[in-house]
Amino acid sequence: MTGPAEPAAREWWAAGAGWLAGVLLQLHQPEPWGAQIQLLLLVSAATLLALAGGRGPRRAASLALAAAALGAASTDWRATQRLAERLAPGLAGAELVLTGVVVRIPAVHAGGVRFTVETEGAATADGRPVTVPPRVVLGGYVDGDARPPVPAVGERWRWHVRLKPPHGGLNPHGFDAELAWFIQGIGATGSVRAAPAPQRLAVDAAAPLERWRQRVRDAVFARVADPAAAGVLAALAIGDQAAIEREDWELFRVTGVAHLMSISGLHVTMFAWLAGAVIGRLWRHAGRGLLVLPAPQAARWGGLACAAAYALAAGWGVPAQRTVGMLATVVVLRSAGRRWPLPAVLLAAALAVVLIDPWAPLQPGFWLSFVAVALLAVSEPAHAAQATAAADPRPWRRRAAALARAARGGLRTQAVATVGLAPLTLLFFQQVSVVGFVANLVAIPLVTLAVTPLALAGVLLPPLWLAAAGLVDGLRVLLAALAAWPWASWTAAAAPPWAVAAGLLGGLLAVLPLPWRLRGLALPLMLPLLAPPLPRPAEGRFELVAADVGQGSALLLRTARHLLVFDAGPRWSPEADAGSRVLVPLLRARGERRIDLLMLSHRDGDHVGGGAALLQALPVAEIVGSLPAEHPLLGRVPHRRCMAGERWRWDGVDFEVLHPPAGMAIADEASNATSCVLRVRGALASVLLPGDLPAAQERALVAAGAPLRADVLVVPHHGSRSSSSEAFVDAVAPRVAVVQAGYLNRFGHPAPEVSARFVERGIVLVRSDECGAWTLAADGRAHCERERSRRYWHHRPSSR
């Protein structure tokens with residue numbers, strides 16, 4: 001056997017650690033290094049390997065550095081290859097005729113359908129062939145009462161589409177959609193044109209496994225009447241996470257059981273263990289087969305094969321890949337008669353995962369999986385075996401002792417996972433479930449040992465899905481009761497690096513088998529992560545964040561002790577809006593606990609679409625806006641109309657409403673004319689927020705001598721031709737003009753003549769589709785999120 005003290009083993013472990021370090025270094029680059037640097041790294045690695053003679057620390061260091069260079073070079077090469085497959089800039093927004101095969105289960109929602117396509121050919125509208133990425137995501141959308149056709153997996157279709165490079169909103173601490181597309185190999189996204197109508201060319205043309213998965217999913221929903229329970233069963237059986245309803249995901253997140261409701265490492269590992277146990281028992285009766293392969297070996301390899309099959313049936317997602325890689329590493333080592341220490345096994349498993357997918361470390365699940373296993377191992381208390389109970393001649397005493405040990409072990413495992421992973425959970429999600437310990441004590445055995453096996457067995461015996469659905473419904477009732485507790489979850493602001501380091505150390509001390517006087521340091525070390533210091537503007541200053549919400553408007557304005565949210569962004573579909581997807585995570589990451597004033601400029605959906613999510617997530621003291629009395633957002637909290645002449649002061653910062661006048665009626669149409677116009681003036685900067693104010697009302701304000709001058713202008717109506725009149729721009733005379741508009745939006749915002757109007761006057765024009773979220777800090781400095789957090793997978797659009 002190979003022991004940890006052997007030099008050869010240490011050298012290979014050093015090489016594995018070096019490879020991982022090189023990959024991590026490359027993942028933090030704003031741009032790929034390119035062929036020259038890749039060649040230089042390869043030459044450096046060859047040189048280090050040639051000089052790595054002898055034994056000892058010097059050889060280990062040389063191997064580690066060589067492996068780091070190779071890991072970085074290979075990852076950079078793979079990144080350049082994947083980026084080369086993206087849509088050519090010249091085809092962005094062009095109408096194309098695309099032929100391809102649907103290779104993933106379509107996600108059907110109230111607003112339409114979204115599906116992944118492997119392309120086979122494309123041409124322009126006049127028949128000229130063009131090259132498109134090998135894999136794209138398309139969406140068909142509801143047009144009035146007409147719903148788009150829903151293709152089935154494996155079908156070949158011809159669509160008229162408009163494609164664009166993968167482009168998502170980029171906000172501080174927000175979800176990185178462009179990274180998700182990059183990892184999946186998506187080279188373009190696009191929309192399907194309703195006319196000419198899409199044509200189905202063939203059925204069952206490809207993707208047999210995915211076709212089977214879709215049949216199972218459809219069968220689950222046909223058998224189980226409750227769509228919420230059916231969605232959970234589909235997620236557990238075939239990994240279709242999109243089947244779980246949005247409200248249920250929120251419930252699972254608050255109660256800390258979201259990791260159980262899709263194909264996770266726990267499910268794959270448990271399936272491998274159960275399958276291995278059955279195979280091992282059967283193999284003992286194999287006769288001559290035992291001479292070829294001992295039963296323990298058959299159990300290990302059989303369990304691994306079943307786990308891989310389960311992962312493939314579940315869509316071969318990254319968590320499943322990661323777990324199969326870890327299991328394969330352990331099986332290979334055990335089969336070779338090697339017993340490596342746990343850190344070496346984890347290192348080998350991580351190396352196997354990263355060799356398959358070098359971008360896996362960018363996902364929280366990668367770290368949560370490996371850290372959870374490591375914590376459970378290092379937290380095992382050292383104690384003598386309970387020989388007395390084991391040697392007791394009475395069977396019932398032995399069984400009772402075994403059950404007691406299993407119960408204690410389960411409690412310890414859950415406690416270690418809850419406490420030890422809390423710092424990482426806060427780091428990645430700014431939230432940790434307070435009731436998660438109790439919820440998981442019930443959910444882990446129920447979902448792992450009952451619901452998941454029944455969901456899988458239902459593929460052969462569909463009536464079993466009804467029993468599984470009953471268990472899911474019961475679990476949801478329990479989780480809803482836990483989620484109703486006032487302190488069911490704890491949210492914390494994004495912490496600075498020093499607080500993250502202290503919190504991670506605290507979590508480790510809390511679970512290590514150390515004297516209590518050392519464990520007592522865990523809580524003080526974790527406090528800065530649980531409640532990090534919140535930087536706030538000084539008296540008389542403010543901070544402004546123009547969120548990247550696509551084609552819509554949403555801004556946060558923070559003074560020393562108050563928060564104003566101006567508009568709430570668009571609602572993209574019944575399942576998704578800017579409030580839940582962008583603003584709530586952004587506010588939580590900033591440590592905001594309440595909204596002092598929610599100002600909704602007017603009724604248009606791209607300005608108020610996220611309002612309901614804000615009202616549900618955070619206390620809102622008051623709503624002010626130009627909304628009709630019957631608007632559904634009103635009535636939940638105190639509200640009033642915005643009227644010109646209203647003034648107030650927060651923490652030394654002056655606020656003044658300039659429009660609409662008191663007697664102006666709110667019409668069902670042309671609601672832009674009633675947009676609230678707010679001017680904010682602090683010690684270092686001033687800003688004008690005009691909503692969608694049209695040119696006629698702009699000229700009226702100029703003629704009335706309204707105090708329009710401001711350092712920053714949020715460009716009215718997203719840069720539409722109907723706004724930003726020359727007289728208005730001259731009256732405001734901003735240094736910076738900020739346009740909130742979607743990338744390649746169908747309105748053409750900002751209009752070229754409007755952009756030119758600002759540029760001609762020497763005004764800096766900032767566009768959210770190019771900048772991401774734009775932040776004006778309290779000290780007067782500004783930055784774009786797309787530049788501040790630049791990574792090579794991020795799209796870098798250029799002005800049209």
# chains A, B, ... in the order shown; residues from 1 in each chain; ligands from 1
>>> select_by_dssp(residues="region 303-469 of chain A", states="helix (DSSP H, G or I)", output="JSON, numbers by chain")
{"A": [303, 304, 305, 306, 307, 308, 309, 310, 311, 312, 313, 318, 319, 320, 321, 322, 323, 324, 325, 326, 327, 328, 329, 330, 331, 332, 333, 334, 335, 342, 343, 344, 345, 346, 347, 348, 349, 350, 351, 352, 353, 354, 355, 356, 360, 361, 362, 364, 365, 366, 367, 368, 369, 370, 371, 372, 373, 374, 375, 376, 377, 378, 387, 388, 389, 390, 391, 395, 396, 397, 398, 399, 400, 401, 402, 403, 404, 405, 406, 407, 408, 409, 410, 411, 412, 413, 414, 415, 416, 417, 418, 419, 420, 421, 422, 423, 424, 425, 426, 427, 428, 429, 436, 437, 438, 439, 440, 441, 442, 443, 444, 445, 446, 447, 448, 449, 450, 451, 452, 453, 454, 455, 456, 457, 464, 465, 466, 467, 468, 469]}
>>> residues_around(residues="Ala67 (chain A)", least_positions_apart="4", cutoff="8 Å", atoms="only C-alpha atoms", output="PyMOL selection string")
chain A and resi 15-16+18-19+22+45+63+71
>>> residues_around(residues="region 543-545 of chain A", least_positions_apart="3", cutoff="12 Å", atoms="only C-alpha atoms", output="PyMOL selection string")
chain A and resi 171-172+535-540+548-549+553-566+583+586-587+590+653+680-689+712-714+738+740+768+772-785
>>> closest_atom_pairs(of="region 453-554 of chain A", to="region 744-757 of chain A", cutoff="12 Å", atoms="only C-alpha atoms", output="tab-separated table")
residue	atom	partner	partner_atom	distance
A:Gly550	CA	A:Asn745	CA	8.5
A:Gln551	CA	A:Asn745	CA	6.9
A:Gly552	CA	A:Asn745	CA	10.5
>>> write_last_selection(atoms="C-alpha atoms", output="compact mmCIF listing (two decimals), in the first residue's frame")
# COMPACT_ATOMS: atom_id res chain seq x y z
CA GLY A 550 -32.35 45.14 -19.26
CA GLN A 551 -35.08 47.18 -20.93
CA GLY A 552 -36.40 48.93 -17.85
>>> residues_around(residues="Ala230 (chain A)", least_positions_apart="6", cutoff="9 Å", atoms="only C-alpha atoms", output="list of chain:residue names")
A:Arg217, A:Val220, A:Phe221, A:Ala222, A:Arg223, A:Val224, A:Ala243, A:Ile244, A:Trp465, A:Ala469
>>> residues_around(residues="Thr491 (chain A)", least_positions_apart="4", cutoff="9 Å", atoms="only C-alpha atoms", output="PyMOL selection string")
chain A and resi 426+429-433+530-531+588-589+591
>>> atom_distance(atom1="CA of Arg193 (chain A)", atom2="CA of Asp218 (chain A)")
26.5 Å
>>> residues_around(residues="region 46-48 of chain A", least_positions_apart="2", cutoff="12 Å", atoms="only C-alpha atoms", output="PyMOL selection string")
chain A and resi 15+39-44+50-53+58-70
>>> residues_around(residues="region 691-693 of chain A", least_positions_apart="3", cutoff="7 Å", atoms="only C-alpha atoms", output="list of chain:residue names")
A:Ser601, A:Asn672, A:Ala673, A:Ser675, A:Cys676, A:Val677, A:Gln697, A:Glu698, A:Pro716, A:His717, A:Ser723
>>> atom_distance(atom1="CA of Met270 (chain A)", atom2="CA of Val103 (chain A)")
28.4 Å
>>> closest_residue(among="A:Val161, A:Ala501, A:Ala546, A:Ala79", to="Ala197 (chain A)", atoms="only C-alpha atoms")
A:Val161
>>> atom_distance(atom1="CA of Gly569 (chain A)", atom2="CA of Arg603 (chain A)")
11.3 Å
>>> closest_residue(among="A:Phe115, A:Trp77, A:Trp33, A:Phe252", to="Val477 (chain A)", atoms="only C-alpha atoms")
A:Phe252
>>> closest_residue(among="A:Val232, A:Ala467, A:Ala629, A:Ala73", to="Gln38 (chain A)", atoms="only C-alpha atoms")
A:Ala73
>>> closest_residue(among="A:Gln29, A:Gln241, A:Thr425, A:Thr75", to="Ala494 (chain A)", atoms="only C-alpha atoms")
A:Thr425
>>> select_by_dssp(residues="region 557-610 of chain A", states="strand (DSSP E or B)", output="list in words")
Leu557, Arg558, Leu563, Leu564, Val565, Phe566, Asp567, Ala568, Arg571, Trp572, Ser573, Ala576, Asp577, Ile595, Leu597, Leu598, Met599 and Leu600 of chain A
>>> write_last_selection(atoms="N, CA and C atoms", output="PDB file, in the first residue's frame")
ATOM      1  N   LEU A 557     -30.937  54.612  -4.272  1.00  0.00           N
ATOM      2  CA  LEU A 557     -30.280  55.823  -3.796  1.00  0.00           C
ATOM      3  C   LEU A 557     -30.198  55.738  -2.278  1.00  0.00           C
ATOM      4  N   ARG A 558     -28.977  55.680  -1.761  1.00  0.00           N
ATOM      5  CA  ARG A 558     -28.737  55.466  -0.334  1.00  0.00           C
ATOM      6  C   ARG A 558     -28.062  56.684   0.282  1.00  0.00           C
ATOM      7  N   LEU A 563     -32.982  54.790   2.546  1.00  0.00           N
ATOM      8  CA  LEU A 563     -32.884  54.164   1.235  1.00  0.00           C
ATOM      9  C   LEU A 563     -34.114  54.513   0.415  1.00  0.00           C
ATOM     10  N   LEU A 564     -33.884  55.006  -0.800  1.00  0.00           N
ATOM     11  CA  LEU A 564     -34.941  55.273  -1.766  1.00  0.00           C
ATOM     12  C   LEU A 564     -34.717  54.378  -2.968  1.00  0.00           C
ATOM     13  N   VAL A 565     -35.762  53.688  -3.410  1.00  0.00           N
ATOM     14  CA  VAL A 565     -35.724  52.905  -4.641  1.00  0.00           C
ATOM     15  C   VAL A 565     -36.613  53.598  -5.655  1.00  0.00           C
ATOM     16  N   PHE A 566     -36.022  53.989  -6.778  1.00  0.00           N
ATOM     17  CA  PHE A 566     -36.753  54.694  -7.829  1.00  0.00           C
ATOM     18  C   PHE A 566     -37.000  53.708  -8.964  1.00  0.00           C
ATOM     19  N   ASP A 567     -38.253  53.271  -9.099  1.00  0.00           N
ATOM     20  CA  ASP A 567     -38.694  52.282 -10.077  1.00  0.00           C
ATOM     21  C   ASP A 567     -38.170  50.888  -9.716  1.00  0.00           C
ATOM     22  N   ALA A 568     -38.879  49.873 -10.219  1.00  0.00           N
ATOM     23  CA  ALA A 568     -38.617  48.495  -9.792  1.00  0.00           C
ATOM     24  C   ALA A 568     -38.326  47.563 -10.950  1.00  0.00           C
ATOM     25  N   ARG A 571     -41.083  43.236 -15.610  1.00  0.00           N
ATOM     26  CA  ARG A 571     -41.504  41.850 -15.362  1.00  0.00           C
ATOM     27  C   ARG A 571     -41.372  41.110 -16.677  1.00  0.00           C
ATOM     28  N   TRP A 572     -40.491  40.118 -16.707  1.00  0.00           N
ATOM     29  CA  TRP A 572     -40.204  39.424 -17.961  1.00  0.00           C
ATOM     30  C   TRP A 572     -41.222  38.333 -18.249  1.00  0.00           C
ATOM     31  N   SER A 573     -41.746  37.712 -17.215  1.00  0.00           N
ATOM     32  CA  SER A 573     -42.739  36.649 -17.380  1.00  0.00           C
ATOM     33  C   SER A 573     -43.436  36.487 -16.035  1.00  0.00           C
ATOM     34  N   ALA A 576     -40.765  35.433 -13.578  1.00  0.00           N
ATOM     35  CA  ALA A 576     -39.498  36.157 -13.416  1.00  0.00           C
ATOM     36  C   ALA A 576     -39.711  37.646 -13.575  1.00  0.00           C
ATOM     37  N   ASP A 577     -39.081  38.418 -12.699  1.00  0.00           N
ATOM     38  CA  ASP A 577     -39.118  39.872 -12.784  1.00  0.00           C
ATOM     39  C   ASP A 577     -37.832  40.422 -12.191  1.00  0.00           C
ATOM     40  N   ILE A 595     -36.945  49.537   2.905  1.00  0.00           N
ATOM     41  CA  ILE A 595     -36.980  50.603   1.905  1.00  0.00           C
ATOM     42  C   ILE A 595     -37.793  51.736   2.497  1.00  0.00           C
ATOM     43  N   LEU A 597     -38.535  54.632   1.025  1.00  0.00           N
ATOM     44  CA  LEU A 597     -39.453  55.192   0.034  1.00  0.00           C
ATOM     45  C   LEU A 597     -39.273  54.453  -1.277  1.00  0.00           C
ATOM     46  N   LEU A 598     -40.369  53.909  -1.789  1.00  0.00           N
ATOM     47  CA  LEU A 598     -40.393  53.292  -3.116  1.00  0.00           C
ATOM     48  C   LEU A 598     -41.139  54.247  -4.040  1.00  0.00           C
ATOM     49  N   MET A 599     -40.389  54.900  -4.923  1.00  0.00           N
ATOM     50  CA  MET A 599     -40.984  55.855  -5.859  1.00  0.00           C
ATOM     51  C   MET A 599     -41.131  55.176  -7.216  1.00  0.00           C
ATOM     52  N   LEU A 600     -42.366  55.013  -7.666  1.00  0.00           N
ATOM     53  CA  LEU A 600     -42.671  54.392  -8.948  1.00  0.00           C
ATOM     54  C   LEU A 600     -43.113  55.483  -9.898  1.00  0.00           C
TER      55      LEU A 600
END
>>> decode(residues="region 69-205 of chain A", atoms="C-alpha atoms", output="PDB file, in the first residue's frame")
ATOM      1  CA  ALA A  69       1.676  25.957 -15.860  1.00  0.00           C
ATOM      2  CA  LEU A  70       0.079  23.020 -17.707  1.00  0.00           C
ATOM      3  CA  GLY A  71      -3.261  23.491 -15.899  1.00  0.00           C
ATOM      4  CA  ALA A  72      -3.333  27.190 -16.694  1.00  0.00           C
ATOM      5  CA  ALA A  73      -2.317  26.690 -20.332  1.00  0.00           C
ATOM      6  CA  SER A  74      -4.842  23.916 -20.991  1.00  0.00           C
ATOM      7  CA  THR A  75      -7.685  25.882 -19.401  1.00  0.00           C
ATOM      8  CA  ASP A  76      -6.776  28.977 -21.385  1.00  0.00           C
ATOM      9  CA  TRP A  77      -6.701  26.965 -24.626  1.00  0.00           C
ATOM     10  CA  ARG A  78     -10.101  25.442 -23.885  1.00  0.00           C
ATOM     11  CA  ALA A  79     -11.459  28.911 -23.088  1.00  0.00           C
ATOM     12  CA  THR A  80     -10.249  30.356 -26.394  1.00  0.00           C
ATOM     13  CA  GLN A  81     -11.774  27.427 -28.267  1.00  0.00           C
ATOM     14  CA  ARG A  82     -15.126  27.929 -26.584  1.00  0.00           C
ATOM     15  CA  LEU A  83     -15.093  31.690 -27.118  1.00  0.00           C
ATOM     16  CA  ALA A  84     -14.329  31.118 -30.816  1.00  0.00           C
ATOM     17  CA  GLU A  85     -17.657  29.286 -31.113  1.00  0.00           C
ATOM     18  CA  ARG A  86     -19.692  32.348 -30.146  1.00  0.00           C
ATOM     19  CA  LEU A  87     -21.914  34.181 -32.588  1.00  0.00           C
ATOM     20  CA  ALA A  88     -20.041  36.472 -34.953  1.00  0.00           C
ATOM     21  CA  PRO A  89     -20.736  40.144 -34.073  1.00  0.00           C
ATOM     22  CA  GLY A  90     -21.974  40.837 -37.595  1.00  0.00           C
ATOM     23  CA  LEU A  91     -24.847  38.387 -37.158  1.00  0.00           C
ATOM     24  CA  ALA A  92     -26.129  39.903 -33.916  1.00  0.00           C
ATOM     25  CA  GLY A  93     -29.731  40.943 -34.428  1.00  0.00           C
ATOM     26  CA  ALA A  94     -29.887  39.694 -38.031  1.00  0.00           C
ATOM     27  CA  GLU A  95     -32.838  37.577 -39.127  1.00  0.00           C
ATOM     28  CA  LEU A  96     -31.685  34.051 -39.940  1.00  0.00           C
ATOM     29  CA  VAL A  97     -33.204  30.761 -41.013  1.00  0.00           C
ATOM     30  CA  LEU A  98     -31.873  28.160 -38.607  1.00  0.00           C
ATOM     31  CA  THR A  99     -32.104  24.360 -38.780  1.00  0.00           C
ATOM     32  CA  GLY A 100     -31.297  22.266 -35.746  1.00  0.00           C
ATOM     33  CA  VAL A 101     -32.265  19.568 -33.295  1.00  0.00           C
ATOM     34  CA  VAL A 102     -33.715  20.169 -29.819  1.00  0.00           C
ATOM     35  CA  VAL A 103     -31.354  18.465 -27.353  1.00  0.00           C
ATOM     36  CA  ARG A 104     -32.711  19.485 -23.941  1.00  0.00           C
ATOM     37  CA  ILE A 105     -36.142  19.275 -22.382  1.00  0.00           C
ATOM     38  CA  PRO A 106     -37.911  22.569 -23.247  1.00  0.00           C
ATOM     39  CA  ALA A 107     -38.817  24.816 -20.333  1.00  0.00           C
ATOM     40  CA  VAL A 108     -42.454  25.827 -20.775  1.00  0.00           C
ATOM     41  CA  HIS A 109     -43.634  28.896 -18.854  1.00  0.00           C
ATOM     42  CA  ALA A 110     -46.575  31.242 -18.918  1.00  0.00           C
ATOM     43  CA  GLY A 111     -44.804  33.616 -21.289  1.00  0.00           C
ATOM     44  CA  GLY A 112     -43.738  30.992 -23.814  1.00  0.00           C
ATOM     45  CA  VAL A 113     -41.080  28.291 -24.159  1.00  0.00           C
ATOM     46  CA  ARG A 114     -37.281  28.101 -24.040  1.00  0.00           C
ATOM     47  CA  PHE A 115     -35.148  25.270 -25.426  1.00  0.00           C
ATOM     48  CA  THR A 116     -31.587  24.320 -26.359  1.00  0.00           C
ATOM     49  CA  VAL A 117     -30.697  23.500 -29.976  1.00  0.00           C
ATOM     50  CA  GLU A 118     -27.724  21.844 -31.629  1.00  0.00           C
ATOM     51  CA  THR A 119     -27.490  23.680 -34.908  1.00  0.00           C
ATOM     52  CA  GLU A 120     -27.098  21.962 -38.261  1.00  0.00           C
ATOM     53  CA  GLY A 121     -27.176  24.903 -40.636  1.00  0.00           C
ATOM     54  CA  ALA A 122     -28.174  28.546 -41.000  1.00  0.00           C
ATOM     55  CA  ALA A 123     -28.682  31.098 -43.721  1.00  0.00           C
ATOM     56  CA  THR A 124     -29.649  34.726 -44.047  1.00  0.00           C
ATOM     57  CA  ALA A 125     -33.126  35.707 -45.191  1.00  0.00           C
ATOM     58  CA  ASP A 126     -31.845  35.879 -48.813  1.00  0.00           C
ATOM     59  CA  GLY A 127     -30.404  32.346 -48.647  1.00  0.00           C
ATOM     60  CA  ARG A 128     -26.718  33.094 -48.008  1.00  0.00           C
ATOM     61  CA  PRO A 129     -25.190  30.391 -45.740  1.00  0.00           C
ATOM     62  CA  VAL A 130     -23.661  31.617 -42.512  1.00  0.00           C
ATOM     63  CA  THR A 131     -21.816  29.966 -39.625  1.00  0.00           C
ATOM     64  CA  VAL A 132     -23.556  29.961 -36.258  1.00  0.00           C
ATOM     65  CA  PRO A 133     -22.511  28.464 -32.913  1.00  0.00           C
ATOM     66  CA  PRO A 134     -22.937  24.704 -32.522  1.00  0.00           C
ATOM     67  CA  ARG A 135     -25.299  25.148 -29.579  1.00  0.00           C
ATOM     68  CA  VAL A 136     -27.829  27.962 -28.988  1.00  0.00           C
ATOM     69  CA  VAL A 137     -30.770  28.684 -26.703  1.00  0.00           C
ATOM     70  CA  LEU A 138     -33.993  29.825 -28.383  1.00  0.00           C
ATOM     71  CA  GLY A 139     -37.193  31.238 -26.951  1.00  0.00           C
ATOM     72  CA  GLY A 140     -40.689  31.399 -28.382  1.00  0.00           C
ATOM     73  CA  TYR A 141     -43.035  33.895 -26.785  1.00  0.00           C
ATOM     74  CA  VAL A 142     -46.772  34.355 -26.377  1.00  0.00           C
ATOM     75  CA  ASP A 143     -48.210  36.871 -28.827  1.00  0.00           C
ATOM     76  CA  GLY A 144     -51.678  37.864 -27.665  1.00  0.00           C
ATOM     77  CA  ASP A 145     -53.690  34.656 -27.466  1.00  0.00           C
ATOM     78  CA  ALA A 146     -51.303  32.705 -29.710  1.00  0.00           C
ATOM     79  CA  ARG A 147     -48.796  30.470 -27.975  1.00  0.00           C
ATOM     80  CA  PRO A 148     -45.652  29.329 -29.766  1.00  0.00           C
ATOM     81  CA  PRO A 149     -45.290  25.634 -30.711  1.00  0.00           C
ATOM     82  CA  VAL A 150     -43.431  23.552 -28.113  1.00  0.00           C
ATOM     83  CA  PRO A 151     -40.875  21.265 -29.778  1.00  0.00           C
ATOM     84  CA  ALA A 152     -40.046  17.886 -28.292  1.00  0.00           C
ATOM     85  CA  VAL A 153     -36.550  16.666 -27.533  1.00  0.00           C
ATOM     86  CA  GLY A 154     -34.918  15.027 -30.538  1.00  0.00           C
ATOM     87  CA  GLU A 155     -37.062  16.810 -33.123  1.00  0.00           C
ATOM     88  CA  ARG A 156     -35.467  18.628 -36.053  1.00  0.00           C
ATOM     89  CA  TRP A 157     -37.006  22.026 -36.852  1.00  0.00           C
ATOM     90  CA  ARG A 158     -36.493  25.007 -39.087  1.00  0.00           C
ATOM     91  CA  TRP A 159     -37.036  28.388 -37.437  1.00  0.00           C
ATOM     92  CA  HIS A 160     -36.778  32.023 -38.456  1.00  0.00           C
ATOM     93  CA  VAL A 161     -34.787  33.525 -35.627  1.00  0.00           C
ATOM     94  CA  ARG A 162     -32.868  36.528 -34.456  1.00  0.00           C
ATOM     95  CA  LEU A 163     -29.709  35.627 -32.546  1.00  0.00           C
ATOM     96  CA  LYS A 164     -27.418  37.599 -30.302  1.00  0.00           C
ATOM     97  CA  PRO A 165     -24.301  36.755 -28.306  1.00  0.00           C
ATOM     98  CA  PRO A 166     -25.022  35.459 -24.786  1.00  0.00           C
ATOM     99  CA  HIS A 167     -25.703  38.639 -22.836  1.00  0.00           C
ATOM    100  CA  GLY A 168     -27.228  38.941 -19.379  1.00  0.00           C
ATOM    101  CA  GLY A 169     -27.543  41.620 -16.766  1.00  0.00           C
ATOM    102  CA  LEU A 170     -24.428  42.164 -14.660  1.00  0.00           C
ATOM    103  CA  ASN A 171     -24.998  43.485 -11.142  1.00  0.00           C
ATOM    104  CA  PRO A 172     -22.922  43.473  -7.959  1.00  0.00           C
ATOM    105  CA  HIS A 173     -23.243  40.077  -6.218  1.00  0.00           C
ATOM    106  CA  GLY A 174     -25.827  39.010  -8.805  1.00  0.00           C
ATOM    107  CA  PHE A 175     -26.287  35.819 -10.794  1.00  0.00           C
ATOM    108  CA  ASP A 176     -23.848  35.593 -13.693  1.00  0.00           C
ATOM    109  CA  ALA A 177     -25.997  34.328 -16.573  1.00  0.00           C
ATOM    110  CA  GLU A 178     -23.144  34.709 -19.043  1.00  0.00           C
ATOM    111  CA  LEU A 179     -20.993  32.341 -16.986  1.00  0.00           C
ATOM    112  CA  ALA A 180     -23.807  29.781 -16.891  1.00  0.00           C
ATOM    113  CA  TRP A 181     -24.177  29.932 -20.677  1.00  0.00           C
ATOM    114  CA  PHE A 182     -20.412  29.708 -21.146  1.00  0.00           C
ATOM    115  CA  ILE A 183     -20.164  26.576 -18.983  1.00  0.00           C
ATOM    116  CA  GLN A 184     -22.987  24.968 -20.985  1.00  0.00           C
ATOM    117  CA  GLY A 185     -21.287  25.807 -24.272  1.00  0.00           C
ATOM    118  CA  ILE A 186     -24.064  28.144 -25.411  1.00  0.00           C
ATOM    119  CA  GLY A 187     -22.738  30.380 -28.166  1.00  0.00           C
ATOM    120  CA  ALA A 188     -25.856  32.481 -28.794  1.00  0.00           C
ATOM    121  CA  THR A 189     -29.360  33.120 -27.550  1.00  0.00           C
ATOM    122  CA  GLY A 190     -32.276  34.191 -29.668  1.00  0.00           C
ATOM    123  CA  SER A 191     -35.981  34.518 -30.268  1.00  0.00           C
ATOM    124  CA  VAL A 192     -38.127  32.566 -32.692  1.00  0.00           C
ATOM    125  CA  ARG A 193     -40.148  34.638 -35.144  1.00  0.00           C
ATOM    126  CA  ALA A 194     -43.871  33.863 -35.271  1.00  0.00           C
ATOM    127  CA  ALA A 195     -43.961  34.344 -39.039  1.00  0.00           C
ATOM    128  CA  PRO A 196     -43.060  32.499 -41.095  1.00  0.00           C
ATOM    129  CA  ALA A 197     -44.197  29.710 -38.799  1.00  0.00           C
ATOM    130  CA  PRO A 198     -41.585  27.203 -37.566  1.00  0.00           C
ATOM    131  CA  GLN A 199     -41.480  23.890 -39.472  1.00  0.00           C
ATOM    132  CA  ARG A 200     -41.005  20.468 -37.912  1.00  0.00           C
ATOM    133  CA  LEU A 201     -38.729  18.477 -40.238  1.00  0.00           C
ATOM    134  CA  ALA A 202     -38.294  15.202 -38.349  1.00  0.00           C
ATOM    135  CA  VAL A 203     -39.089  13.500 -35.056  1.00  0.00           C
ATOM    136  CA  ASP A 204     -36.764  11.298 -32.998  1.00  0.00           C
ATOM    137  CA  ALA A 205     -33.823  12.589 -35.015  1.00  0.00           C
TER     138      ALA A 205
END
